[in-house]
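Down below is the structure, laid out as structure tokens.
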Amino acid sequence: MRKAAVLALALAAPGLVAASGSLQAQSLYHLGRAATSAEIAAWDIDISPDGAGLPPGHGSVAEGKAIYALKCAACHGDHGQGKPMDALAGGLGTVFDAKSVRTVGSFWPYATTLYDYIRRAMPFPEPQSLSDSEVYAVSAYVLNLSGIVPDTAVLDAASLAKIVMPNRDRFVHDAKIDIGQPQPGAVPAVR
Amino acid sequence: MEQDVLPVGLERDARHLVTLEPGKAVLTRRNLVSAAASLAASGALGAAPGKAAAETIPSRPEWQQRPGAELMSPPYGAPSARESQVIRRARHGSPPPPTNYAGISLTPHQNLYGIVTPGGLHYERHHSGVPDIDPDQHRLLVHGLVERPLIFTMDDLTRFPSVSRLHFLECSGNTPTWGVPKPGLTVQDTHGLLSCSEWTGVPLATVLAEAGVRPEGKWLLAEGGDAAALTRSIPIEKAFDDALLVYAQNGERLRPEQGYPLRLLLPGFEGNTSIKWLRRLKIGTAPFQTRWETSKYSLVLPDQTIRQFDFVMDAKSVITSPSGGQSLKGTGFHEISGLAWSGRGKITRVEVSTDGGTSWHDAALQEPVLSKCLTRFRFPWQWEGAPARLASRSTDASGYVQPSRAALESIRDGRSYYHNNAIQTWAVAANGSVVNA
């Protein structure tokens, strides 16, 4: 009886379900099951720029250097200079040049992105294999290669979230149309 | 009007009208009249018929002398072996990628017709290979700022009310042809990170409504189940507008390289945001600033800012035939054909120029013309044999007009790399060869 009512609702007003999406107090279709907090915790690996999501643990530049030599250098170069894969350091001050070298040090706006990305995707052949503390350590080393943290740095959730990347303020959220602007009804002007 | 051979200009396009006898081609009166009428209607008939070209083709070819292949050879049909050159490939003119697990492959638009890209020719862009996901073990988690965090199986998702829609997907790195044009490039190189499919799935809004998004929820993080666990932040308005959770493409389950068993599809947005192998959706208050919206897919601008979240693919078009690397076989009639599309809605107009943009003429738009979908356009052309510069320019329902390269490069350049929607020009030489110009 209840199922039939739901169906009738969806058929009568297909837009209703979508339009009321954020307000809907009840499930309409009763598909899927509740996620437990343990399940969510195990899958919830993203880190926000304010540091939300950064796990416990810590790692030093020195520890990171050893991990890097073993697990990263073959692809990113002994000092993050790149070859065969992306350079991770260098290129400071070249971002707006005709031939820019965009690296973690020269380009990235947030250190939290570095932690997030290494933890989810690196080392490339074996992603999500490093411990949380190892990720802090190797992040510290990669940042140290560009002089963003000192040789003595030890990173944890609090200190990593506080790092201000050199290029931070250059990033703008701006989706404006920059050419060919909509002109309803207008004859094309750009020749 | 009975003739032994075809006028040269008709030979290629009207071949289906011909009954072949040993050593000669015969065109019936009725067929010749209708072929001539359609050419005249297109305004293309003008040049005198060329010289006779006799052919020697057996009246009883080899493939008519015995039964052909058995049924279901193979059970899942494949293209003719004679079309083996129609394949995806890497981009010519770019250095080879350092790894074959992260990179691109390109759709061969020079060989395709209509608007639907065959599944096996859809472009690829992967960041850590193509996972082999067991659909029975695949789950979608919806959590964050929701009333009811939920986990869905593939069976759950396919039970929701479904929709099918035709949409293009374009990588924002399509057409990285800033600056001086490289003559060797084909349309596969310049525009191959573009494909179009019929996608079937459940509106994301339906699934989000099940979880109940809280009013503070403004951004959504979508995460892939590949080895890169690729993530992008999506404005919640898009999720409730026309976003789809897709499990089928062109009538069959998704291809592995297109996200099997589940992908996000954000019509009109840059391809990277349509997360493949989708396994997690998290609702938050602000962008998550993932690697793929900071280090990549951001635009370095001349004013020394770096633009993020430039999602929409602006109006664009390209002539696919004739195009770079092809050559015109003789003067006379040639159909100029190509594709137009816009992430803002329907294409309303496509103009074609044969003189490099000095004069423009309206092209015919092939129905159906759909929102955020490829539109096929056609323009009949009589080539007299002089060098020509072929270009197309599209306008969409918002009034946006595709810019010239000079106009686009007056405000941005190769440093921004992504979102190059400038007019593409192909130069036709007197010998009929066509090159990127």
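Identifiers in this document derive from the order of the structure tokens: chains are assigned A, B, ..., residues are numbered from 1 separately in each chain, and ligands are numbered from 1 in order of occurrence.
The protein and nucleic acid residues lying at most 8 Å from stretch 113-129 of chain A are Ile45, Asp46, Ile47, Ser48, Pro49, Lys71, Cys72, Val104, Val135, Tyr136 and Ser139 of chain A; Ser128, Ala227, Ala228, Ala229, Gln289, Thr290 and Arg291 of chain B, with only C-alpha atoms considered and sequence neighbours fewer than 6 positions away removed.
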Atoms to include: all heavy atoms. Write the selected residues as a compact mmCIF listing (two decimals), in the first residue's frame.
```txt
# COMPACT_ATOMS: atom_id res chain seq x y z
N ILE A 45 38.60 9.55 3.94
CA ILE A 45 40.04 9.84 3.98
C ILE A 45 40.40 11.25 3.53
O ILE A 45 41.57 11.61 3.51
CB ILE A 45 40.83 8.83 3.10
CG1 ILE A 45 40.31 8.86 1.66
CG2 ILE A 45 40.77 7.43 3.70
CD1 ILE A 45 41.20 8.10 0.68
N ASP A 46 39.41 12.07 3.16
CA ASP A 46 39.77 13.38 2.61
C ASP A 46 40.13 14.37 3.71
O ASP A 46 39.65 14.29 4.84
CB ASP A 46 38.61 13.93 1.78
CG ASP A 46 37.35 14.07 2.59
OD1 ASP A 46 37.16 15.13 3.22
OD2 ASP A 46 36.56 13.10 2.63
N ILE A 47 40.98 15.33 3.32
CA ILE A 47 41.43 16.37 4.25
C ILE A 47 40.98 17.72 3.70
O ILE A 47 41.22 18.02 2.53
CB ILE A 47 42.98 16.41 4.33
CG1 ILE A 47 43.58 15.00 4.46
CG2 ILE A 47 43.43 17.33 5.46
CD1 ILE A 47 43.25 14.28 5.71
N SER A 48 40.37 18.54 4.52
CA SER A 48 39.94 19.87 4.09
C SER A 48 41.05 20.89 4.32
O SER A 48 41.95 20.66 5.13
CB SER A 48 38.69 20.30 4.86
OG SER A 48 37.57 19.61 4.35
N PRO A 49 40.99 22.03 3.61
CA PRO A 49 42.06 23.03 3.76
C PRO A 49 42.18 23.59 5.18
O PRO A 49 43.25 24.08 5.56
CB PRO A 49 41.67 24.12 2.76
CG PRO A 49 40.29 23.81 2.31
CD PRO A 49 40.04 22.37 2.54
N LYS A 71 60.89 5.11 -1.43
CA LYS A 71 59.59 4.90 -2.07
C LYS A 71 59.18 5.95 -3.09
O LYS A 71 58.15 5.79 -3.74
CB LYS A 71 58.49 4.82 -1.00
CG LYS A 71 58.76 3.72 0.01
CD LYS A 71 57.50 3.24 0.68
CE LYS A 71 57.76 1.90 1.34
NZ LYS A 71 56.69 1.50 2.25
N CYS A 72 59.94 7.01 -3.23
CA CYS A 72 59.50 8.09 -4.12
C CYS A 72 60.58 8.52 -5.12
O CYS A 72 60.26 8.91 -6.25
CB CYS A 72 59.09 9.32 -3.32
SG CYS A 72 58.19 8.97 -1.79
N VAL A 104 54.81 21.29 -6.17
CA VAL A 104 54.20 21.47 -4.85
C VAL A 104 54.69 22.79 -4.26
O VAL A 104 53.91 23.61 -3.76
CB VAL A 104 54.56 20.29 -3.92
CG1 VAL A 104 54.09 20.56 -2.50
CG2 VAL A 104 53.98 18.98 -4.45
N VAL A 135 53.03 9.43 6.18
CA VAL A 135 52.56 10.48 5.26
C VAL A 135 52.95 11.86 5.81
O VAL A 135 53.38 12.73 5.06
CB VAL A 135 51.04 10.38 5.00
CG1 VAL A 135 50.57 11.52 4.09
CG2 VAL A 135 50.68 9.04 4.37
N TYR A 136 52.81 12.06 7.15
CA TYR A 136 53.30 13.33 7.73
C TYR A 136 54.77 13.52 7.43
O TYR A 136 55.22 14.61 7.04
CB TYR A 136 53.08 13.35 9.25
CG TYR A 136 51.66 13.72 9.65
CD1 TYR A 136 50.85 12.81 10.34
CD2 TYR A 136 51.14 14.98 9.35
CE1 TYR A 136 49.56 13.14 10.72
CE2 TYR A 136 49.84 15.31 9.72
CZ TYR A 136 49.05 14.40 10.40
OH TYR A 136 47.78 14.73 10.76
N SER A 139 55.47 14.17 3.69
CA SER A 139 54.95 15.51 3.35
C SER A 139 55.93 16.57 3.85
O SER A 139 56.22 17.55 3.14
CB SER A 139 53.58 15.75 4.00
OG SER A 139 52.63 14.81 3.55
N SER B 128 45.44 6.66 -12.61
CA SER B 128 46.18 5.53 -12.08
C SER B 128 45.58 4.22 -12.60
O SER B 128 45.23 3.33 -11.84
CB SER B 128 46.19 5.55 -10.54
OG SER B 128 47.20 4.68 -10.06
N ALA B 227 42.84 3.47 -8.26
CA ALA B 227 44.04 3.54 -7.41
C ALA B 227 44.42 4.98 -7.07
O ALA B 227 45.14 5.22 -6.12
CB ALA B 227 45.21 2.81 -8.08
N ALA B 228 43.94 5.95 -7.86
CA ALA B 228 44.21 7.36 -7.55
C ALA B 228 43.17 7.90 -6.56
O ALA B 228 43.35 8.98 -6.01
CB ALA B 228 44.20 8.21 -8.82
N ALA B 229 42.07 7.16 -6.35
CA ALA B 229 40.96 7.63 -5.51
C ALA B 229 40.67 9.09 -5.82
O ALA B 229 40.56 9.95 -4.94
CB ALA B 229 41.27 7.43 -4.02
N GLN B 289 39.45 21.42 -1.98
CA GLN B 289 40.79 21.76 -2.49
C GLN B 289 41.63 20.52 -2.75
O GLN B 289 42.72 20.35 -2.23
CB GLN B 289 41.51 22.72 -1.52
CG GLN B 289 40.75 23.98 -1.20
CD GLN B 289 40.66 24.96 -2.38
OE1 GLN B 289 41.28 24.76 -3.44
NE2 GLN B 289 39.87 26.00 -2.22
N THR B 290 41.10 19.63 -3.58
CA THR B 290 41.83 18.41 -3.92
C THR B 290 42.95 18.73 -4.90
O THR B 290 43.01 19.81 -5.50
CB THR B 290 40.89 17.37 -4.56
OG1 THR B 290 40.66 17.72 -5.94
CG2 THR B 290 39.56 17.30 -3.82
N ARG B 291 43.85 17.75 -5.09
CA ARG B 291 44.95 17.93 -6.03
C ARG B 291 44.44 18.27 -7.43
O ARG B 291 45.06 19.02 -8.17
CB ARG B 291 45.80 16.65 -6.05
CG ARG B 291 47.01 16.74 -6.96
CD ARG B 291 46.93 15.72 -8.09
NE ARG B 291 48.11 15.75 -8.93
CZ ARG B 291 48.28 14.95 -9.98
NH1 ARG B 291 47.38 14.03 -10.24
NH2 ARG B 291 49.34 15.05 -10.72
```
Give the helix (DSSP H, G or I) residues of stretch 62-309 of chain B, as DSSP finds them on the backbone, and put them as a PDB file with N, CA, C and O atoms, in the first residue's frame.
```pdb
ATOM      1  N   GLU B  62      34.657 -12.230 -54.607  1.00  0.00           N
ATOM      2  CA  GLU B  62      35.029 -13.375 -53.761  1.00  0.00           C
ATOM      3  C   GLU B  62      34.005 -13.636 -52.658  1.00  0.00           C
ATOM      4  O   GLU B  62      33.625 -14.777 -52.390  1.00  0.00           O
ATOM      5  N   TRP B  63      33.540 -12.570 -52.010  1.00  0.00           N
ATOM      6  CA  TRP B  63      32.639 -12.740 -50.857  1.00  0.00           C
ATOM      7  C   TRP B  63      31.209 -13.117 -51.257  1.00  0.00           C
ATOM      8  O   TRP B  63      30.362 -13.295 -50.409  1.00  0.00           O
ATOM      9  N   GLN B  64      30.960 -13.229 -52.544  1.00  0.00           N
ATOM     10  CA  GLN B  64      29.647 -13.722 -52.979  1.00  0.00           C
ATOM     11  C   GLN B  64      29.735 -15.150 -53.495  1.00  0.00           C
ATOM     12  O   GLN B  64      28.735 -15.739 -53.886  1.00  0.00           O
ATOM     13  N   ALA B  81      37.057  -5.795 -39.744  1.00  0.00           N
ATOM     14  CA  ALA B  81      38.521  -5.822 -39.668  1.00  0.00           C
ATOM     15  C   ALA B  81      39.115  -4.796 -40.626  1.00  0.00           C
ATOM     16  O   ALA B  81      40.253  -4.367 -40.460  1.00  0.00           O
ATOM     17  N   ARG B  82      38.330  -4.402 -41.635  1.00  0.00           N
ATOM     18  CA  ARG B  82      38.838  -3.427 -42.609  1.00  0.00           C
ATOM     19  C   ARG B  82      38.836  -2.000 -42.048  1.00  0.00           C
ATOM     20  O   ARG B  82      39.280  -1.070 -42.703  1.00  0.00           O
ATOM     21  N   GLU B  83      38.283  -1.841 -40.873  1.00  0.00           N
ATOM     22  CA  GLU B  83      38.271  -0.518 -40.228  1.00  0.00           C
ATOM     23  C   GLU B  83      39.278  -0.465 -39.077  1.00  0.00           C
ATOM     24  O   GLU B  83      39.136   0.314 -38.133  1.00  0.00           O
ATOM     25  N   HIS B 109      37.799  11.404 -34.340  1.00  0.00           N
ATOM     26  CA  HIS B 109      36.631  12.065 -34.944  1.00  0.00           C
ATOM     27  C   HIS B 109      36.683  12.138 -36.468  1.00  0.00           C
ATOM     28  O   HIS B 109      35.639  12.254 -37.105  1.00  0.00           O
ATOM     29  N   GLN B 110      37.885  12.046 -37.027  1.00  0.00           N
ATOM     30  CA  GLN B 110      37.982  12.103 -38.494  1.00  0.00           C
ATOM     31  C   GLN B 110      37.308  10.906 -39.146  1.00  0.00           C
ATOM     32  O   GLN B 110      36.966  10.943 -40.321  1.00  0.00           O
ATOM     33  N   ASN B 111      37.089   9.835 -38.390  1.00  0.00           N
ATOM     34  CA  ASN B 111      36.494   8.613 -38.934  1.00  0.00           C
ATOM     35  C   ASN B 111      35.059   8.377 -38.480  1.00  0.00           C
ATOM     36  O   ASN B 111      34.498   7.323 -38.767  1.00  0.00           O
ATOM     37  N   GLY B 119      31.303   2.988 -27.921  1.00  0.00           N
ATOM     38  CA  GLY B 119      31.874   2.800 -26.589  1.00  0.00           C
ATOM     39  C   GLY B 119      33.373   2.559 -26.601  1.00  0.00           C
ATOM     40  O   GLY B 119      34.108   3.102 -25.774  1.00  0.00           O
ATOM     41  N   GLY B 120      33.841   1.771 -27.545  1.00  0.00           N
ATOM     42  CA  GLY B 120      35.267   1.431 -27.598  1.00  0.00           C
ATOM     43  C   GLY B 120      36.143   2.556 -28.110  1.00  0.00           C
ATOM     44  O   GLY B 120      37.371   2.423 -28.127  1.00  0.00           O
ATOM     45  N   LEU B 121      35.527   3.659 -28.538  1.00  0.00           N
ATOM     46  CA  LEU B 121      36.308   4.788 -29.059  1.00  0.00           C
ATOM     47  C   LEU B 121      36.168   6.030 -28.179  1.00  0.00           C
ATOM     48  O   LEU B 121      36.692   7.091 -28.510  1.00  0.00           O
ATOM     49  N   PRO B 135      31.304  -5.710  -9.466  1.00  0.00           N
ATOM     50  CA  PRO B 135      30.119  -4.897  -9.146  1.00  0.00           C
ATOM     51  C   PRO B 135      29.408  -5.375  -7.881  1.00  0.00           C
ATOM     52  O   PRO B 135      28.788  -4.565  -7.181  1.00  0.00           O
ATOM     53  N   ASP B 136      29.517  -6.667  -7.566  1.00  0.00           N
ATOM     54  CA  ASP B 136      28.864  -7.173  -6.351  1.00  0.00           C
ATOM     55  C   ASP B 136      29.543  -6.636  -5.092  1.00  0.00           C
ATOM     56  O   ASP B 136      28.936  -6.610  -4.023  1.00  0.00           O
ATOM     57  N   GLN B 137      30.810  -6.250  -5.226  1.00  0.00           N
ATOM     58  CA  GLN B 137      31.516  -5.716  -4.058  1.00  0.00           C
ATOM     59  C   GLN B 137      31.597  -4.192  -4.085  1.00  0.00           C
ATOM     60  O   GLN B 137      32.246  -3.596  -3.223  1.00  0.00           O
ATOM     61  N   MET B 154      25.017  -1.854  -6.081  1.00  0.00           N
ATOM     62  CA  MET B 154      24.644  -1.591  -7.478  1.00  0.00           C
ATOM     63  C   MET B 154      23.184  -1.981  -7.712  1.00  0.00           C
ATOM     64  O   MET B 154      22.480  -1.320  -8.475  1.00  0.00           O
ATOM     65  N   ASP B 155      22.730  -3.048  -7.048  1.00  0.00           N
ATOM     66  CA  ASP B 155      21.321  -3.438  -7.199  1.00  0.00           C
ATOM     67  C   ASP B 155      20.401  -2.338  -6.679  1.00  0.00           C
ATOM     68  O   ASP B 155      19.371  -2.039  -7.276  1.00  0.00           O
ATOM     69  N   ASP B 156      20.764  -1.736  -5.538  1.00  0.00           N
ATOM     70  CA  ASP B 156      19.964  -0.616  -5.021  1.00  0.00           C
ATOM     71  C   ASP B 156      19.869   0.490  -6.069  1.00  0.00           C
ATOM     72  O   ASP B 156      18.792   1.026  -6.344  1.00  0.00           O
ATOM     73  N   LEU B 157      21.006   0.840  -6.644  1.00  0.00           N
ATOM     74  CA  LEU B 157      21.052   2.002  -7.534  1.00  0.00           C
ATOM     75  C   LEU B 157      20.275   1.757  -8.824  1.00  0.00           C
ATOM     76  O   LEU B 157      19.626   2.662  -9.349  1.00  0.00           O
ATOM     77  N   THR B 158      20.324   0.516  -9.334  1.00  0.00           N
ATOM     78  CA  THR B 158      19.592   0.241 -10.575  1.00  0.00           C
ATOM     79  C   THR B 158      18.092   0.094 -10.319  1.00  0.00           C
ATOM     80  O   THR B 158      17.310   0.072 -11.265  1.00  0.00           O
ATOM     81  N   ARG B 159      17.664  -0.003  -9.054  1.00  0.00           N
ATOM     82  CA  ARG B 159      16.224  -0.067  -8.759  1.00  0.00           C
ATOM     83  C   ARG B 159      15.562   1.305  -8.718  1.00  0.00           C
ATOM     84  O   ARG B 159      14.345   1.403  -8.818  1.00  0.00           O
ATOM     85  N   VAL B 187      42.395  16.066 -36.338  1.00  0.00           N
ATOM     86  CA  VAL B 187      41.312  16.414 -35.406  1.00  0.00           C
ATOM     87  C   VAL B 187      41.332  15.470 -34.202  1.00  0.00           C
ATOM     88  O   VAL B 187      40.868  15.830 -33.107  1.00  0.00           O
ATOM     89  N   GLN B 188      41.896  14.275 -34.372  1.00  0.00           N
ATOM     90  CA  GLN B 188      42.048  13.369 -33.225  1.00  0.00           C
ATOM     91  C   GLN B 188      43.010  13.981 -32.201  1.00  0.00           C
ATOM     92  O   GLN B 188      42.787  13.880 -30.996  1.00  0.00           O
ATOM     93  N   ASP B 189      44.064  14.646 -32.698  1.00  0.00           N
ATOM     94  CA  ASP B 189      45.014  15.300 -31.791  1.00  0.00           C
ATOM     95  C   ASP B 189      44.430  16.561 -31.175  1.00  0.00           C
ATOM     96  O   ASP B 189      44.606  16.821 -29.990  1.00  0.00           O
ATOM     97  N   THR B 190      43.736  17.357 -32.007  1.00  0.00           N
ATOM     98  CA  THR B 190      43.292  18.664 -31.520  1.00  0.00           C
ATOM     99  C   THR B 190      41.990  18.585 -30.712  1.00  0.00           C
ATOM    100  O   THR B 190      41.786  19.382 -29.805  1.00  0.00           O
ATOM    101  N   HIS B 191      41.100  17.630 -31.057  1.00  0.00           N
ATOM    102  CA  HIS B 191      39.777  17.592 -30.418  1.00  0.00           C
ATOM    103  C   HIS B 191      39.374  16.203 -29.947  1.00  0.00           C
ATOM    104  O   HIS B 191      38.191  15.923 -29.757  1.00  0.00           O
ATOM    105  N   LEU B 204      21.166  12.214  -9.609  1.00  0.00           N
ATOM    106  CA  LEU B 204      21.840  12.319  -8.313  1.00  0.00           C
ATOM    107  C   LEU B 204      20.896  12.929  -7.282  1.00  0.00           C
ATOM    108  O   LEU B 204      20.922  12.563  -6.099  1.00  0.00           O
ATOM    109  N   ALA B 205      20.035  13.843  -7.722  1.00  0.00           N
ATOM    110  CA  ALA B 205      19.092  14.490  -6.804  1.00  0.00           C
ATOM    111  C   ALA B 205      18.214  13.455  -6.097  1.00  0.00           C
ATOM    112  O   ALA B 205      17.917  13.594  -4.901  1.00  0.00           O
ATOM    113  N   THR B 206      17.808  12.418  -6.827  1.00  0.00           N
ATOM    114  CA  THR B 206      16.961  11.375  -6.235  1.00  0.00           C
ATOM    115  C   THR B 206      17.692  10.674  -5.097  1.00  0.00           C
ATOM    116  O   THR B 206      17.133  10.433  -4.018  1.00  0.00           O
ATOM    117  N   VAL B 207      18.961  10.352  -5.334  1.00  0.00           N
ATOM    118  CA  VAL B 207      19.733   9.609  -4.333  1.00  0.00           C
ATOM    119  C   VAL B 207      20.088  10.520  -3.152  1.00  0.00           C
ATOM    120  O   VAL B 207      20.025  10.104  -1.990  1.00  0.00           O
ATOM    121  N   LEU B 208      20.427  11.778  -3.444  1.00  0.00           N
ATOM    122  CA  LEU B 208      20.731  12.709  -2.347  1.00  0.00           C
ATOM    123  C   LEU B 208      19.499  12.944  -1.478  1.00  0.00           C
ATOM    124  O   LEU B 208      19.604  13.107  -0.256  1.00  0.00           O
ATOM    125  N   ALA B 209      18.324  12.944  -2.110  1.00  0.00           N
ATOM    126  CA  ALA B 209      17.093  13.145  -1.339  1.00  0.00           C
ATOM    127  C   ALA B 209      16.877  11.999  -0.356  1.00  0.00           C
ATOM    128  O   ALA B 209      16.347  12.203   0.743  1.00  0.00           O
ATOM    129  N   GLU B 210      17.296  10.798  -0.734  1.00  0.00           N
ATOM    130  CA  GLU B 210      17.182   9.659   0.177  1.00  0.00           C
ATOM    131  C   GLU B 210      17.984   9.910   1.443  1.00  0.00           C
ATOM    132  O   GLU B 210      17.574   9.543   2.541  1.00  0.00           O
ATOM    133  N   ALA B 211      19.175  10.507   1.266  1.00  0.00           N
ATOM    134  CA  ALA B 211      20.044  10.779   2.417  1.00  0.00           C
ATOM    135  C   ALA B 211      19.610  12.056   3.146  1.00  0.00           C
ATOM    136  O   ALA B 211      19.869  12.198   4.338  1.00  0.00           O
ATOM    137  N   ILE B 236      26.772  22.165  -4.851  1.00  0.00           N
ATOM    138  CA  ILE B 236      25.572  21.359  -4.592  1.00  0.00           C
ATOM    139  C   ILE B 236      24.453  21.671  -5.598  1.00  0.00           C
ATOM    140  O   ILE B 236      23.637  20.801  -5.923  1.00  0.00           O
ATOM    141  N   GLU B 237      24.442  22.915  -6.134  1.00  0.00           N
ATOM    142  CA  GLU B 237      23.407  23.261  -7.130  1.00  0.00           C
ATOM    143  C   GLU B 237      23.492  22.327  -8.336  1.00  0.00           C
ATOM    144  O   GLU B 237      22.470  21.941  -8.901  1.00  0.00           O
ATOM    145  N   LYS B 238      24.711  22.014  -8.749  1.00  0.00           N
ATOM    146  CA  LYS B 238      24.867  21.121  -9.902  1.00  0.00           C
ATOM    147  C   LYS B 238      24.335  19.730  -9.565  1.00  0.00           C
ATOM    148  O   LYS B 238      23.686  19.093 -10.399  1.00  0.00           O
ATOM    149  N   ALA B 239      24.593  19.293  -8.330  1.00  0.00           N
ATOM    150  CA  ALA B 239      24.121  17.967  -7.923  1.00  0.00           C
ATOM    151  C   ALA B 239      22.608  17.882  -8.015  1.00  0.00           C
ATOM    152  O   ALA B 239      22.052  16.870  -8.426  1.00  0.00           O
ATOM    153  N   PHE B 240      21.933  18.960  -7.647  1.00  0.00           N
ATOM    154  CA  PHE B 240      20.466  18.955  -7.671  1.00  0.00           C
ATOM    155  C   PHE B 240      19.899  19.389  -9.026  1.00  0.00           C
ATOM    156  O   PHE B 240      18.706  19.324  -9.251  1.00  0.00           O
ATOM    157  N   ASP B 241      20.764  19.843  -9.922  1.00  0.00           N
ATOM    158  CA  ASP B 241      20.290  20.287 -11.239  1.00  0.00           C
ATOM    159  C   ASP B 241      20.166  19.096 -12.192  1.00  0.00           C
ATOM    160  O   ASP B 241      19.106  18.480 -12.290  1.00  0.00           O
ATOM    161  N   PRO B 256      34.720  -0.533 -18.746  1.00  0.00           N
ATOM    162  CA  PRO B 256      35.620  -0.366 -17.598  1.00  0.00           C
ATOM    163  C   PRO B 256      36.323   0.991 -17.590  1.00  0.00           C
ATOM    164  O   PRO B 256      36.411   1.647 -16.553  1.00  0.00           O
ATOM    165  N   GLU B 257      36.789   1.412 -18.785  1.00  0.00           N
ATOM    166  CA  GLU B 257      37.542   2.672 -18.837  1.00  0.00           C
ATOM    167  C   GLU B 257      36.638   3.891 -18.733  1.00  0.00           C
ATOM    168  O   GLU B 257      37.117   5.018 -18.687  1.00  0.00           O
ATOM    169  N   GLN B 258      35.311   3.690 -18.696  1.00  0.00           N
ATOM    170  CA  GLN B 258      34.379   4.794 -18.489  1.00  0.00           C
ATOM    171  C   GLN B 258      33.750   4.748 -17.105  1.00  0.00           C
ATOM    172  O   GLN B 258      32.751   5.422 -16.857  1.00  0.00           O
ATOM    173  N   GLY B 271      35.322  17.291 -18.101  1.00  0.00           N
ATOM    174  CA  GLY B 271      35.227  15.844 -17.944  1.00  0.00           C
ATOM    175  C   GLY B 271      35.754  15.303 -16.629  1.00  0.00           C
ATOM    176  O   GLY B 271      35.177  14.376 -16.046  1.00  0.00           O
ATOM    177  N   ASN B 272      36.832  15.896 -16.127  1.00  0.00           N
ATOM    178  CA  ASN B 272      37.464  15.402 -14.904  1.00  0.00           C
ATOM    179  C   ASN B 272      36.526  15.360 -13.698  1.00  0.00           C
ATOM    180  O   ASN B 272      36.720  14.569 -12.770  1.00  0.00           O
ATOM    181  N   THR B 273      35.469  16.207 -13.714  1.00  0.00           N
ATOM    182  CA  THR B 273      34.566  16.251 -12.566  1.00  0.00           C
ATOM    183  C   THR B 273      33.558  15.099 -12.578  1.00  0.00           C
ATOM    184  O   THR B 273      32.930  14.824 -11.557  1.00  0.00           O
ATOM    185  N   ARG B 291      43.846  17.748  -5.086  1.00  0.00           N
ATOM    186  CA  ARG B 291      44.955  17.931  -6.032  1.00  0.00           C
ATOM    187  C   ARG B 291      44.437  18.268  -7.426  1.00  0.00           C
ATOM    188  O   ARG B 291      45.063  19.022  -8.165  1.00  0.00           O
ATOM    189  N   TRP B 292      43.254  17.696  -7.809  1.00  0.00           N
ATOM    190  CA  TRP B 292      42.761  17.876  -9.176  1.00  0.00           C
ATOM    191  C   TRP B 292      41.982  19.178  -9.333  1.00  0.00           C
ATOM    192  O   TRP B 292      41.391  19.406 -10.379  1.00  0.00           O
ATOM    193  N   GLU B 293      41.947  20.036  -8.329  1.00  0.00           N
ATOM    194  CA  GLU B 293      41.348  21.368  -8.506  1.00  0.00           C
ATOM    195  C   GLU B 293      42.297  22.455  -8.030  1.00  0.00           C
ATOM    196  O   GLU B 293      41.910  23.604  -7.881  1.00  0.00           O
TER     197      GLU B 293
END
```
Return as a VMD selection string the residues belonging to chain B that are within 7 Å of chain A, counting only C-alpha atoms. chain B and resid 98 148 to 153 156 205 to 206 208 to 210 212 to 215 227 to 229 240 288 to 291 294 to 295 304 to 310 357 398 to 404 408 415
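Atom to atom, atom CA of B:Tyr101 and atom CA of A:His76 stand 15.9 Å apart.
Distances to B:Asn420 were evaluated for B:Ser172, B:Ser317, B:Ser353, B:Gln366 using only C-alpha atoms, and the minimum falls at B:Ser172.
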Between atom CA of B:Ser197 and atom CA of B:Ile133 lies a distance of 21.6 Å
Could you tell me, as an MDAnalysis selection string, which residues of stretch 100-325 of chain B DSSP assigns to strand (DSSP E) when given the backbone? chainID B and resid 103:105 124:126 139:144 150:153 163:170 194:203 219:224 231:235 244:249 252:253 263:265 278:284 299:300 306:308 316:321
Just the residues within 10 Å of B:Asn250, please, counting only C-alpha atoms, with nothing from its chain fewer than 4 positions along; format it as a tab-separated table (two decimals) with C-alpha atoms, in the first residue's frame.
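Generated file (result-v9.tsv):
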```tsv
chain	number	residue	atom	x	y	z
B	116	VAL	CA	27.23	9.08	-30.71
B	117	THR	CA	30.77	7.89	-30.01
B	118	PRO	CA	31.10	4.09	-30.10
B	119	GLY	CA	31.87	2.80	-26.59
B	164	SER	CA	18.62	8.12	-20.25
B	165	ARG	CA	20.21	11.24	-21.70
B	166	LEU	CA	22.62	12.04	-24.50
B	196	CYS	CA	29.33	11.67	-26.67
B	197	SER	CA	27.13	8.86	-25.37
B	198	GLU	CA	23.65	8.02	-24.27
B	199	TRP	CA	23.99	7.66	-20.52
B	200	THR	CA	21.53	5.79	-18.30
B	254	LEU	CA	29.57	1.18	-18.60
B	255	ARG	CA	32.87	0.22	-20.19
```
Can you work out which one of B:Tyr297, B:Tyr123, B:Phe311, B:Trp381 has the shortest atom-to-atom distance to B:Ile336, counting only C-alpha atoms? B:Trp381
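Near B:Phe269, within 8 Å and counting only C-alpha atoms, sit Leu169, Glu170, Ser274, Phe311, Val312, Met313 and Gly343 of chain B; same-chain residues fewer than 5 positions away were not included.
With distances restricted to only C-alpha atoms, B:Gly184 is the closest residue to B:Gly324 from B:Pro61, B:Asp242, B:Arg89, B:Gly184.
You will find atom CA of B:Thr358 at 16.6 Å from atom CA of B:Phe379.
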